[in-house]
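Structure file run19.cif (mmCIF, C-alpha atoms and all ligand atoms) follows.
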data_target
#
loop_
_atom_site.label_atom_id
_atom_site.label_comp_id
_atom_site.auth_asym_id
_atom_site.auth_seq_id
_atom_site.Cartn_x
_atom_site.Cartn_y
_atom_site.Cartn_z
CA MET A 15 32.63 -17.14 0.18
CA ALA A 16 35.24 -15.01 -1.50
CA GLU A 17 37.06 -12.24 0.27
CA SER A 18 39.50 -9.89 -1.46
CA THR A 19 42.99 -9.16 -0.10
CA ASP A 20 42.11 -5.84 1.51
CA ASN A 21 39.35 -7.62 3.41
CA GLU A 22 36.65 -5.99 1.39
CA TYR A 23 33.94 -8.52 0.78
CA ILE A 24 33.36 -9.40 -2.86
CA GLY A 25 30.87 -12.20 -2.55
CA ARG A 26 30.32 -15.03 -4.89
CA LEU A 27 29.67 -14.37 -8.50
CA LYS A 28 28.31 -17.81 -9.25
CA LEU A 29 26.30 -20.36 -7.34
CA PRO A 30 27.94 -23.75 -6.89
CA ALA A 31 25.84 -25.74 -9.30
CA PRO A 32 22.89 -25.42 -11.62
CA MET A 33 19.46 -26.69 -10.62
CA LEU A 34 18.66 -30.35 -11.07
CA SER A 35 16.47 -30.90 -14.06
CA ARG A 36 12.85 -30.76 -13.10
CA LYS A 37 11.71 -32.05 -16.43
CA LYS A 38 10.88 -35.45 -15.02
CA ILE A 39 8.69 -34.10 -12.24
CA SER A 40 5.25 -32.96 -13.12
CA VAL A 41 4.42 -30.11 -10.79
CA TRP A 42 0.78 -30.64 -11.56
CA SER A 43 0.82 -34.30 -10.50
CA VAL A 44 1.94 -33.10 -7.08
CA LEU A 45 -0.22 -30.04 -6.78
CA LYS A 46 -3.48 -31.58 -7.91
CA ASN A 47 -3.66 -33.39 -4.55
CA CYS A 48 -3.10 -30.17 -2.67
CA ILE A 49 -6.06 -28.09 -3.73
CA GLY A 50 -7.33 -26.13 -0.77
CA LYS A 51 -4.39 -26.96 1.47
CA ASP A 52 -2.16 -24.36 3.04
CA LEU A 53 1.42 -23.98 1.94
CA SER A 54 2.97 -25.87 4.82
CA LYS A 55 0.76 -28.94 4.31
CA ILE A 56 1.98 -29.46 0.78
CA THR A 57 4.47 -32.30 0.59
CA MET A 58 6.46 -32.08 -2.58
CA PRO A 59 9.39 -33.95 -4.06
CA VAL A 60 12.39 -32.24 -2.55
CA GLU A 61 13.64 -31.36 -6.04
CA LEU A 62 10.92 -28.72 -6.08
CA ASN A 63 12.39 -27.01 -3.05
CA GLU A 64 15.07 -24.41 -3.01
CA PRO A 65 17.84 -24.90 -0.46
CA LEU A 66 16.78 -21.91 1.63
CA SER A 67 14.21 -21.35 4.33
CA PHE A 68 11.46 -18.73 4.39
CA LEU A 69 13.52 -16.82 6.93
CA GLN A 70 16.42 -16.56 4.52
CA ARG A 71 14.09 -15.51 1.74
CA ILE A 72 12.89 -12.69 3.96
CA CYS A 73 16.48 -11.49 4.42
CA GLU A 74 16.55 -10.92 0.67
CA TYR A 75 14.28 -7.91 1.25
CA MET A 76 17.44 -6.27 2.51
CA GLU A 77 19.45 -6.69 -0.66
CA TYR A 78 19.08 -2.99 -1.43
CA ALA A 79 19.12 -1.74 2.17
CA ASN A 80 21.32 1.10 0.90
CA VAL A 81 18.20 2.56 -0.78
CA LEU A 82 16.48 2.70 2.60
CA THR A 83 19.52 4.33 4.17
CA HIS A 84 19.50 6.82 1.31
CA ALA A 85 15.82 7.53 2.03
CA ALA A 86 16.61 8.23 5.67
CA HIS A 87 19.31 10.70 4.60
CA GLN A 88 16.90 12.89 2.60
CA ASP A 89 15.86 16.18 4.22
CA ASN A 90 12.54 16.37 2.48
CA SER A 91 9.68 13.97 3.28
CA VAL A 92 8.66 13.62 -0.39
CA ASP A 93 12.20 12.56 -1.25
CA ARG A 94 12.16 10.10 1.62
CA MET A 95 8.88 8.67 0.35
CA LYS A 96 10.18 8.13 -3.17
CA TYR A 97 13.20 6.19 -1.93
CA VAL A 98 11.04 4.16 0.46
CA ALA A 99 8.90 3.29 -2.58
CA ALA A 100 12.05 2.31 -4.48
CA PHE A 101 13.10 0.14 -1.55
CA ALA A 102 9.67 -1.57 -1.49
CA VAL A 103 10.07 -2.44 -5.18
CA SER A 104 13.73 -3.45 -4.86
CA ALA A 105 12.82 -5.88 -2.08
CA LEU A 106 10.78 -7.89 -4.56
CA ALA A 107 13.36 -8.07 -7.35
CA SER A 108 14.96 -11.28 -6.16
CA ASN A 109 11.69 -13.19 -6.69
CA LEU A 110 12.18 -13.28 -10.44
CA ASP A 111 12.52 -16.85 -11.72
CA ARG A 112 12.62 -18.27 -8.22
CA LEU A 113 10.41 -21.28 -8.68
CA GLY A 114 11.44 -23.49 -5.78
CA LYS A 115 9.52 -23.75 -2.55
CA PRO A 116 11.57 -22.55 0.41
CA PHE A 117 11.69 -24.85 3.47
CA ASN A 118 9.19 -24.07 6.18
CA PRO A 119 11.20 -23.40 9.35
CA ILE A 120 10.27 -25.11 12.60
CA LEU A 121 8.42 -23.07 15.20
CA GLY A 122 10.82 -20.69 16.92
CA GLU A 123 13.60 -21.16 14.35
CA THR A 124 15.58 -17.98 13.80
CA TYR A 125 17.93 -16.67 11.17
CA GLU A 126 20.18 -13.69 11.68
CA LEU A 127 22.22 -11.66 9.26
CA GLN A 128 24.64 -8.93 10.14
CA ARG A 129 26.14 -6.56 7.62
CA ASP A 130 28.27 -3.48 8.11
CA ASP A 131 25.30 -1.19 7.75
CA TYR A 132 22.37 -3.13 9.27
CA ARG A 133 21.33 -6.31 10.96
CA ILE A 134 18.22 -8.43 10.66
CA VAL A 135 16.74 -11.22 12.71
CA CYS A 136 13.88 -13.41 11.50
CA GLU A 137 11.82 -15.89 13.47
CA GLN A 138 9.24 -18.45 12.47
CA VAL A 139 6.36 -17.56 14.74
CA SER A 140 3.96 -20.16 13.37
CA HIS A 141 4.71 -23.38 11.53
CA HIS A 142 1.16 -24.31 10.47
CA PRO A 143 0.27 -21.99 8.80
CA PRO A 144 3.75 -20.62 8.10
CA ILE A 145 4.20 -17.12 9.53
CA SER A 146 7.60 -15.44 9.66
CA ALA A 147 8.40 -12.28 11.58
CA PHE A 148 11.44 -10.11 11.01
CA HIS A 149 13.11 -7.08 12.50
CA ALA A 150 15.94 -5.16 10.84
CA GLU A 151 17.70 -2.14 12.22
CA SER A 152 20.48 0.26 11.41
CA ASN A 153 21.58 3.70 12.60
CA ASP A 154 19.06 5.23 10.24
CA PHE A 155 16.04 2.94 10.12
CA ASN A 156 13.98 0.16 11.66
CA PHE A 157 12.24 -2.21 9.29
CA TYR A 158 9.99 -4.93 10.66
CA GLY A 159 6.91 -6.97 9.96
CA SER A 160 5.51 -10.42 9.45
CA ILE A 161 4.65 -12.45 6.37
CA ASN A 162 1.94 -15.07 6.26
CA PRO A 163 1.93 -16.43 2.68
CA LYS A 164 -1.45 -17.79 1.61
CA ILE A 165 -1.52 -20.04 -1.40
CA LYS A 166 -4.39 -20.54 -3.81
CA PHE A 167 -4.78 -22.64 -6.92
CA SER A 168 -6.61 -20.85 -9.66
CA GLY A 169 -6.90 -23.06 -12.70
CA LYS A 170 -3.48 -23.49 -14.20
CA ASN A 171 -1.70 -21.10 -11.83
CA VAL A 172 -0.68 -20.94 -8.21
CA GLU A 173 -1.34 -17.64 -6.53
CA ILE A 174 0.51 -16.59 -3.39
CA ARG A 175 -0.76 -13.78 -1.20
CA PRO A 176 1.91 -12.71 1.27
CA THR A 177 -0.49 -11.27 3.83
CA GLY A 178 1.03 -9.18 6.59
CA VAL A 179 2.13 -5.60 7.04
CA VAL A 180 5.68 -4.30 6.90
CA THR A 181 6.80 -1.12 8.64
CA VAL A 182 9.70 1.28 8.15
CA GLU A 183 10.61 3.82 10.81
CA PHE A 184 13.02 6.71 10.53
CA PRO A 185 13.62 7.69 14.16
CA LYS A 186 15.45 10.88 13.16
CA TRP A 187 12.37 12.16 11.35
CA ASN A 188 9.85 10.58 13.66
CA GLU A 189 8.25 8.92 10.65
CA THR A 190 6.51 5.57 10.18
CA TYR A 191 5.68 4.04 6.81
CA THR A 192 3.64 0.89 6.30
CA TRP A 193 2.62 -1.27 3.35
CA SER A 194 1.68 -4.81 2.37
CA ASN A 195 3.35 -6.75 -0.38
CA VAL A 196 1.81 -7.62 -3.71
CA ASN A 197 0.61 -11.03 -4.82
CA CYS A 198 2.80 -13.46 -6.61
CA CYS A 199 1.65 -15.90 -9.28
CA VAL A 200 3.39 -18.99 -10.60
CA HIS A 201 2.05 -19.66 -14.08
CA ASN A 202 1.72 -22.86 -16.10
CA ILE A 203 1.40 -25.42 -13.35
CA ILE A 204 -0.30 -27.89 -15.66
CA VAL A 205 1.56 -27.46 -18.94
CA GLY A 206 4.22 -25.14 -20.33
CA LYS A 207 7.12 -23.43 -18.69
CA LEU A 208 6.78 -22.22 -15.10
CA TRP A 209 7.26 -18.50 -14.67
CA ILE A 210 6.62 -16.01 -11.93
CA GLU A 211 4.81 -12.71 -11.89
CA GLN A 212 3.98 -10.22 -9.15
CA TYR A 213 0.92 -8.06 -9.45
CA GLY A 214 -1.39 -5.88 -7.44
CA THR A 215 -1.05 -2.59 -5.64
CA ILE A 216 1.26 -1.53 -2.87
CA GLU A 217 0.08 1.43 -0.85
CA ILE A 218 2.84 2.97 1.20
CA THR A 219 1.55 5.36 3.84
CA ASN A 220 3.68 7.84 5.69
CA HIS A 221 1.63 8.02 8.87
CA SER A 222 3.38 11.18 10.06
CA THR A 223 2.81 13.39 7.01
CA GLY A 224 -0.17 11.68 5.35
CA HIS A 225 1.76 11.16 2.11
CA VAL A 226 0.84 8.01 0.23
CA ALA A 227 2.65 6.25 -2.59
CA THR A 228 0.54 3.84 -4.63
CA LEU A 229 2.43 1.50 -6.89
CA THR A 230 0.63 -0.79 -9.29
CA PHE A 231 2.44 -3.92 -10.35
CA LYS A 232 0.88 -4.71 -13.68
CA SER A 233 -0.12 -8.14 -14.76
CA SER A 234 0.97 -9.11 -18.25
CA GLY A 235 -2.46 -10.71 -18.71
CA LEU A 236 -3.73 -8.15 -21.15
CA SER A 237 -0.59 -7.11 -22.93
CA ASP A 238 2.93 -8.48 -22.96
CA LYS A 239 4.34 -5.01 -22.84
CA ASP A 240 3.13 -4.67 -19.25
CA LEU A 241 5.32 -7.56 -18.19
CA TYR A 242 6.95 -6.79 -14.83
CA ARG A 243 5.92 -3.13 -15.07
CA VAL A 244 5.34 -0.97 -12.03
CA GLU A 245 3.70 2.46 -12.11
CA GLY A 246 2.30 4.80 -9.53
CA PHE A 247 2.11 8.16 -7.84
CA VAL A 248 3.15 9.86 -4.68
CA LYS A 249 0.23 11.83 -3.28
CA ASP A 250 0.28 14.50 -0.61
CA GLU A 251 -2.02 14.64 2.40
CA ASN A 252 -4.77 16.20 0.22
CA GLN A 253 -4.62 13.31 -2.27
CA GLN A 254 -2.93 15.58 -4.82
CA LYS A 255 -0.51 13.68 -7.04
CA ILE A 256 2.95 15.14 -6.72
CA LEU A 257 5.25 12.61 -8.39
CA PHE A 258 5.05 9.87 -10.95
CA LEU A 259 6.97 6.64 -10.34
CA TYR A 260 7.58 4.02 -13.00
CA GLY A 261 9.80 1.12 -13.90
CA LYS A 262 10.03 -2.65 -13.70
CA TRP A 263 10.36 -4.61 -10.47
CA THR A 264 12.97 -6.71 -12.24
CA LYS A 265 15.11 -3.75 -13.27
CA PHE A 266 14.67 -0.23 -11.96
CA LEU A 267 12.39 2.45 -10.56
CA LYS A 268 12.46 6.05 -11.77
CA CYS A 269 10.47 9.11 -10.89
CA CYS A 270 9.51 12.37 -12.56
CA SER A 271 7.41 15.43 -11.81
CA MET A 272 3.69 15.54 -12.56
CA GLU A 273 4.34 18.26 -15.18
CA ASP A 274 6.69 16.01 -17.11
CA TYR A 275 4.29 13.13 -16.69
CA GLU A 276 1.32 15.13 -17.95
CA GLU A 277 3.25 16.47 -20.89
CA HIS A 278 4.22 12.94 -21.74
CA MET A 279 0.62 11.75 -21.48
CA GLN A 280 -0.51 14.52 -23.79
CA GLN A 281 2.10 13.54 -26.34
CA GLU A 282 0.98 9.96 -26.05
CA LYS A 283 -2.63 11.01 -26.58
CA LYS A 284 -1.68 13.11 -29.57
CA PHE A 285 0.31 10.22 -30.90
CA GLU A 286 -2.63 7.85 -30.52
CA GLU A 287 -4.95 10.34 -32.22
CA GLU A 288 -2.54 10.91 -35.07
CA LYS A 289 -2.08 7.20 -35.43
CA HIS A 290 -5.80 6.73 -35.55
CA CYS A 291 -6.25 9.60 -37.93
CA ASN A 292 -3.42 8.37 -40.12
CA ALA A 293 -4.83 4.91 -40.20
CA SER A 294 -8.06 6.10 -41.76
CA HIS A 295 -6.22 8.60 -43.92
CA ASN A 296 -3.79 6.00 -45.14
CA ALA A 297 -6.58 3.77 -46.19
CA THR A 298 -7.36 6.26 -48.93
CA GLN A 299 -3.84 7.47 -49.64
CA GLY A 300 -1.00 5.55 -51.27
CA LYS A 301 1.54 3.37 -49.51
CA MET A 302 4.33 5.93 -49.88
CA PHE A 303 2.42 8.48 -47.91
CA SER A 304 1.78 6.08 -45.07
CA LYS A 305 5.46 5.23 -44.82
CA LEU A 306 6.38 8.87 -44.63
CA ASN A 307 3.89 9.42 -41.86
CA SER A 308 4.89 6.50 -39.76
CA PHE A 309 8.49 7.58 -40.08
CA LYS A 310 7.60 11.00 -38.81
CA LEU A 311 5.62 9.55 -35.95
CA ASP A 312 8.33 7.16 -34.95
CA SER A 313 10.83 9.90 -34.49
CA PHE A 314 8.32 11.94 -32.57
CA ARG A 315 7.51 9.00 -30.37
CA SER A 316 11.06 8.20 -29.51
CA LEU A 317 11.16 11.48 -27.66
CA SER A 318 8.85 10.11 -25.07
CA LEU A 319 8.20 6.64 -23.86
CA GLN A 320 10.16 4.12 -25.85
CA GLU A 321 8.35 0.84 -25.94
CA ASP A 322 10.12 -2.47 -26.04
CA LYS A 323 11.29 -2.94 -29.56
CA GLU A 324 10.34 -6.55 -29.90
CA PHE A 325 8.15 -8.97 -28.19
CA THR A 326 6.68 -12.20 -29.28
CA HIS A 327 3.25 -13.19 -28.17
CA SER A 328 2.91 -15.49 -25.21
CA ASP A 329 1.34 -18.35 -27.10
CA THR A 330 4.37 -18.75 -29.29
CA ASN A 331 6.71 -19.29 -26.43
CA ASP A 332 5.67 -22.08 -24.18
CA GLY A 333 3.20 -19.79 -22.44
CA LEU A 334 5.99 -17.45 -21.41
CA PRO A 335 5.54 -13.78 -22.28
CA ARG A 336 8.56 -12.01 -23.62
CA SER A 337 8.99 -8.31 -23.53
CA ASP A 338 12.04 -7.90 -21.46
CA SER A 339 14.39 -6.69 -24.13
CA ASP A 340 16.53 -4.03 -22.52
CA MET A 341 14.08 -1.25 -22.91
CA SER A 342 14.77 2.33 -22.26
CA LEU A 343 11.60 3.35 -20.52
CA ASN A 344 12.28 6.99 -20.00
CA LEU A 345 10.34 10.15 -19.39
CA PRO A 346 12.13 13.50 -19.60
CA ASN A 347 13.90 14.72 -16.45
CA SER A 348 13.50 11.46 -14.58
CA ILE A 349 15.64 10.41 -11.65
CA LEU A 350 16.75 6.84 -11.23
CA LEU A 351 15.84 5.76 -7.70
CA TRP A 352 16.94 2.15 -7.80
CA SER A 353 18.38 -0.22 -10.37
CA CYS A 354 18.85 -3.94 -10.06
CA ARG A 355 22.34 -5.41 -9.96
CA PRO A 356 23.08 -8.31 -12.26
CA ARG A 357 22.45 -11.62 -10.57
CA PRO A 358 25.14 -14.17 -9.93
CA ALA A 359 25.22 -17.03 -12.43
CA ASN A 360 22.85 -19.92 -11.65
CA SER A 361 20.82 -17.79 -9.26
CA SER A 362 17.54 -18.47 -10.98
CA GLU A 363 18.40 -22.13 -11.10
CA ILE A 364 18.76 -22.89 -7.46
CA PRO A 365 20.96 -25.91 -6.93
CA PHE A 366 19.50 -28.61 -4.80
CA ALA A 367 21.25 -29.22 -1.50
CA PRO A 368 19.89 -30.82 1.65
CA PRO A 369 18.77 -28.18 4.13
CA THR A 370 21.42 -27.60 6.75
CA HIS A 371 21.90 -24.65 8.99
CA ASP A 372 24.96 -23.26 7.39
CA TYR A 373 23.93 -23.17 3.80
CA ASP A 374 25.22 -20.12 1.98
CA PRO A 375 22.78 -17.40 1.21
CA ILE A 376 22.07 -16.97 -2.44
CA TYR A 377 23.08 -13.42 -2.97
CA TYR A 378 26.59 -12.19 -3.02
CA VAL A 379 25.52 -9.12 -1.13
CA TRP A 380 24.96 -11.34 1.86
CA SER A 381 28.42 -11.10 3.12
CA ARG A 382 28.89 -12.19 6.66
CA ALA A 383 26.12 -14.27 8.05
CA ILE A 384 26.56 -14.54 11.79
C1 LIG B 401 5.44 -26.33 -7.00
C2 LIG B 401 6.06 -25.01 -7.16
C3 LIG B 401 5.75 -24.38 -8.46
C4 LIG B 401 5.60 -24.12 -6.03
C5 LIG B 401 6.60 -23.06 -5.81
C6 LIG B 401 6.01 -21.99 -4.97
C7 LIG B 401 7.01 -20.87 -4.71
C8 LIG B 401 7.43 -20.24 -6.02
C9 LIG B 401 6.36 -19.88 -3.76
C10 LIG B 401 6.03 -20.59 -2.44
C11 LIG B 401 6.14 -19.53 -1.35
C12 LIG B 401 6.32 -18.24 -2.09
C13 LIG B 401 6.89 -17.05 -1.34
C14 LIG B 401 5.98 -16.72 -0.15
C15 LIG B 401 6.19 -15.37 0.40
C16 LIG B 401 6.83 -14.39 -0.24
C17 LIG B 401 6.99 -13.07 0.42
C18 LIG B 401 6.62 -11.94 -0.52
O1 LIG B 401 6.86 -10.70 0.04
C19 LIG B 401 7.38 -12.06 -1.80
C20 LIG B 401 7.08 -13.38 -2.46
C21 LIG B 401 7.44 -14.58 -1.59
C22 LIG B 401 8.94 -14.67 -1.40
C23 LIG B 401 6.89 -15.85 -2.28
C24 LIG B 401 7.62 -16.17 -3.58
C25 LIG B 401 7.10 -17.43 -4.25
C26 LIG B 401 7.14 -18.63 -3.32
C27 LIG B 401 8.57 -18.97 -3.00
#

Could I get this structure in the form of structure tokens?
Amino acid sequence: MAESTDNEYIGRLKLPAPMLSRKKISVWSVLKNCIGKDLSKITMPVELNEPLSFLQRICEYMEYANVLTHAAHQDNSVDRMKYVAAFAVSALASNLDRLGKPFNPILGETYELQRDDYRIVCEQVSHHPPISAFHAESNDFNFYGSINPKIKFSGKNVEIRPTGVVTVEFPKWNETYTWSNVNCCVHNIIVGKLWIEQYGTIEITNHSTGHVATLTFKSSGLSDKDLYRVEGFVKDENQQKILFLYGKWTKFLKCCSMEDYEEHMQQEKKFEEEKHCNASHNATQGKMFSKLNSFKLDSFRSLSLQEDKEFTHSDTNDGLPRSDSDMSLNLPNSILLWSCRPRPANSSEIPFAPPTHDYDPIYYVWSRAI
């Protein structure tokens, strides 16, 4: 791993090798014999593994530990909640395009990681079924929990439910937050290109103040433009919505006030109505008029939520939805809570290497493994 001259860790910018081609292996031919089995009982060609264990995958939750530290440094509990929510989303960003099965550690196996600002220890507490427990701590927070991934085949997809609760504590504020992670789905097991999606709702509860953040990870099932999108609210102890959170788990999370959100929704509604109204109007009017109108509407719309400019429909692209053009999803007066760093080259194409105990972690943020 690279280290710069002044001893500041830089980390690797590229993984050693690209993934072996999986074209020759039919995932389906392997998985069809596994229906109903739990994850650890599935024996797969090793080319379908990634050279990491579940314990190391769990350490990736910590990639944006700075967001959690930032949360702990906020004086106001609502501000702390919004950064905890950003941390919960950031912890899932590394799952994008990660299609290999991590190795199931043996019972009692541990993995430790120490960074300047925190340390984490993970232990496999059950081998069949696989259950991993972890505990991370720093001067500002404790973060711990256990993950028991349950796998289910549903037609042409594999669905993974990472059951288990995770907890964040801020000792300084005497606060405890808990949530459970969303489901993960690997699409196109039988034909087409494999791709990964996370969907469902995370409910983060601050047990000390009663604040709750609900974040919905949308499924792109109904519309490609929902691909990877996350949206939700922070509610106070009386269930009153106080903040709107939005973004993409692959890219960023922002937040804005309810006033700005409501104003935006009204504009959207007005836009929809005008569009509808124009559509019927245009049917009777000439083409010129319609062009003029749509031009007017476009400029109006760009004030609010800018949609992805282009996306092709899933069916045209090997079953892979596309809407991830660099969109500027932006509501007025929003604050950016977290944004995803670019990944090192080859990181979505995990190279195959036999599992050893000193394999390098994937992310360059993982500086000094102990
Ligand atoms: C044959 C191939 C397609 C099967 C590959 C299955 C892979 C993609 C599955 C197997 C186990 C899964 C992991 C199990 C548990 C978790 C913890 C959760 O908090 C985030 C998702 C994450 C990290 C899952 C990501 C997807 C995963 C790695």

**Q.** Residue nearest ligand LIG 401 (chain B) among A:Thr192, A:Thr228, A:Asn202, A:Ser348 (counting only C-alpha atoms and all ligand atoms)
**A.** A:Asn202

Q) Which is closest to ligand LIG 401 (chain B) among A:Ile120, A:Ile174, A:Ala150, A:Ile134, if we use all atoms listed in the file? A)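 Looking only at the distances to ligand LIG 401 (chain B), the closest residue turns out to be A:Ile174.
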
Listing only residues of chain A within 6 Å of ligand LIG 401 (chain B), what is the closest atom pair and its distance in Å (to one decimal) for each, using all atoms listed in the file, sorted by chain and residue number ascending, as JSON lines?
{"residue": "A:Val41", "atom": "CA", "partner": "B:LIG401", "partner_atom": "C1", "distance": 5.4}
{"residue": "A:Asn109", "atom": "CA", "partner": "B:LIG401", "partner_atom": "C24", "distance": 5.9}
{"residue": "A:Arg112", "atom": "CA", "partner": "B:LIG401", "partner_atom": "C8", "distance": 6.0}
{"residue": "A:Leu113", "atom": "CA", "partner": "B:LIG401", "partner_atom": "C8", "distance": 4.1}
{"residue": "A:Gly114", "atom": "CA", "partner": "B:LIG401", "partner_atom": "C5", "distance": 4.9}
{"residue": "A:Lys115", "atom": "CA", "partner": "B:LIG401", "partner_atom": "C7", "distance": 4.4}
{"residue": "A:Pro116", "atom": "CA", "partner": "B:LIG401", "partner_atom": "C27", "distance": 5.8}
{"residue": "A:Pro163", "atom": "CA", "partner": "B:LIG401", "partner_atom": "C15", "distance": 4.9}
{"residue": "A:Pro176", "atom": "CA", "partner": "B:LIG401", "partner_atom": "C18", "distance": 5.1}
{"residue": "A:Asn195", "atom": "CA", "partner": "B:LIG401", "partner_atom": "O1", "distance": 5.3}
{"residue": "A:Cys198", "atom": "CA", "partner": "B:LIG401", "partner_atom": "C20", "distance": 6.0}

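Shortest atom-to-atom contact with A:Ile218 among A:Leu241, A:Val196, A:Leu127, A:Ala99: A:Ala99, counting only C-alpha atoms.
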
Q.
Give me, as a PyMOL selection string, all polymer residues having an atom no more than 6 Å from A:Val179, counting all atoms listed in the file and skipping those fewer than 4 positions away in the same chain.
A. chain A and resi 159+193-194

(Q) So, with all atoms listed in the file as the atoms that count, which of A:Phe167, A:Val81, A:Ser43, A:Tyr213 lies closest to A:Asp93? (A)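 Result for the nearest residue to A:Asp93: A:Val81.
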
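Picture a line from atom CA of A:Trp352 to atom CA of A:Leu27; it runs 20.9 Å.
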
Q: Name the residues in contact with A:Leu229 at a cut-off of 7 Å, using all atoms listed in the file, excluding same-chain residues fewer than 4 positions from it; report them as a ChimeraX atom specification.
A: /A:215-217,244-247

**Q.** Interatomic distance (Å, one decimal) between atom CA of A:Phe155 and atom CA of A:Met272
**A.** 28.7 Å

Q: Using atom CA of A:Phe101 and atom CA of A:Leu82 as the two end points, give the distance in Å to one decimal.
A: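 Atom-to-atom, atom CA of A:Phe101 and atom CA of A:Leu82 are spaced 5.9 Å apart.
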
Q) Around (1.8, -29.3, -9.1) in the file's own coordinates, what residues are found within 12 Å if you use all atoms listed in the file, given back as a ChimeraX atom specification? A) /A:36,39-49,56-59,62,113-115,166-172,200-205,208

Shell of 12 Å around stretch 180-183 of chain A, all atoms listed in the file, local chain residues under 5 positions omitted, as a compact mmCIF listing (two decimals) with C-alpha atoms, in the frame of the given file:
# COMPACT_ATOMS: atom_id res chain seq x y z
CA ILE A 72 12.89 -12.69 3.96
CA TYR A 75 14.28 -7.91 1.25
CA ALA A 79 19.12 -1.74 2.17
CA LEU A 82 16.48 2.70 2.60
CA THR A 83 19.52 4.33 4.17
CA ALA A 85 15.82 7.53 2.03
CA ALA A 86 16.61 8.23 5.67
CA ARG A 94 12.16 10.10 1.62
CA MET A 95 8.88 8.67 0.35
CA TYR A 97 13.20 6.19 -1.93
CA VAL A 98 11.04 4.16 0.46
CA ALA A 99 8.90 3.29 -2.58
CA PHE A 101 13.10 0.14 -1.55
CA ALA A 102 9.67 -1.57 -1.49
CA ALA A 105 12.82 -5.88 -2.08
CA SER A 146 7.60 -15.44 9.66
CA ALA A 147 8.40 -12.28 11.58
CA PHE A 148 11.44 -10.11 11.01
CA HIS A 149 13.11 -7.08 12.50
CA ALA A 150 15.94 -5.16 10.84
CA GLU A 151 17.70 -2.14 12.22
CA SER A 152 20.48 0.26 11.41
CA ASN A 153 21.58 3.70 12.60
CA ASP A 154 19.06 5.23 10.24
CA PHE A 155 16.04 2.94 10.12
CA ASN A 156 13.98 0.16 11.66
CA PHE A 157 12.24 -2.21 9.29
CA TYR A 158 9.99 -4.93 10.66
CA GLY A 159 6.91 -6.97 9.96
CA SER A 160 5.51 -10.42 9.45
CA ILE A 161 4.65 -12.45 6.37
CA ASN A 162 1.94 -15.07 6.26
CA ASN A 188 9.85 10.58 13.66
CA GLU A 189 8.25 8.92 10.65
CA THR A 190 6.51 5.57 10.18
CA TYR A 191 5.68 4.04 6.81
CA THR A 192 3.64 0.89 6.30
CA TRP A 193 2.62 -1.27 3.35
CA SER A 194 1.68 -4.81 2.37
CA ASN A 195 3.35 -6.75 -0.38
CA VAL A 196 1.81 -7.62 -3.71
CA ILE A 216 1.26 -1.53 -2.87
CA GLU A 217 0.08 1.43 -0.85
CA ILE A 218 2.84 2.97 1.20
CA THR A 219 1.55 5.36 3.84
CA ASN A 220 3.68 7.84 5.69
CA HIS A 221 1.63 8.02 8.87
CA SER A 222 3.38 11.18 10.06

**Q.** For A:Thr230, the nearest of the candidates A:Val103, A:Lys265, A:Tyr275, A:Lys28, counting only C-alpha atoms
**A.** A:Val103

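Considering the residues A:Cys291, A:Ala31, A:Leu257, A:Val92 and counting all atoms listed in the file, A:His225 has its shortest atom-to-atom contact with A:Val92.
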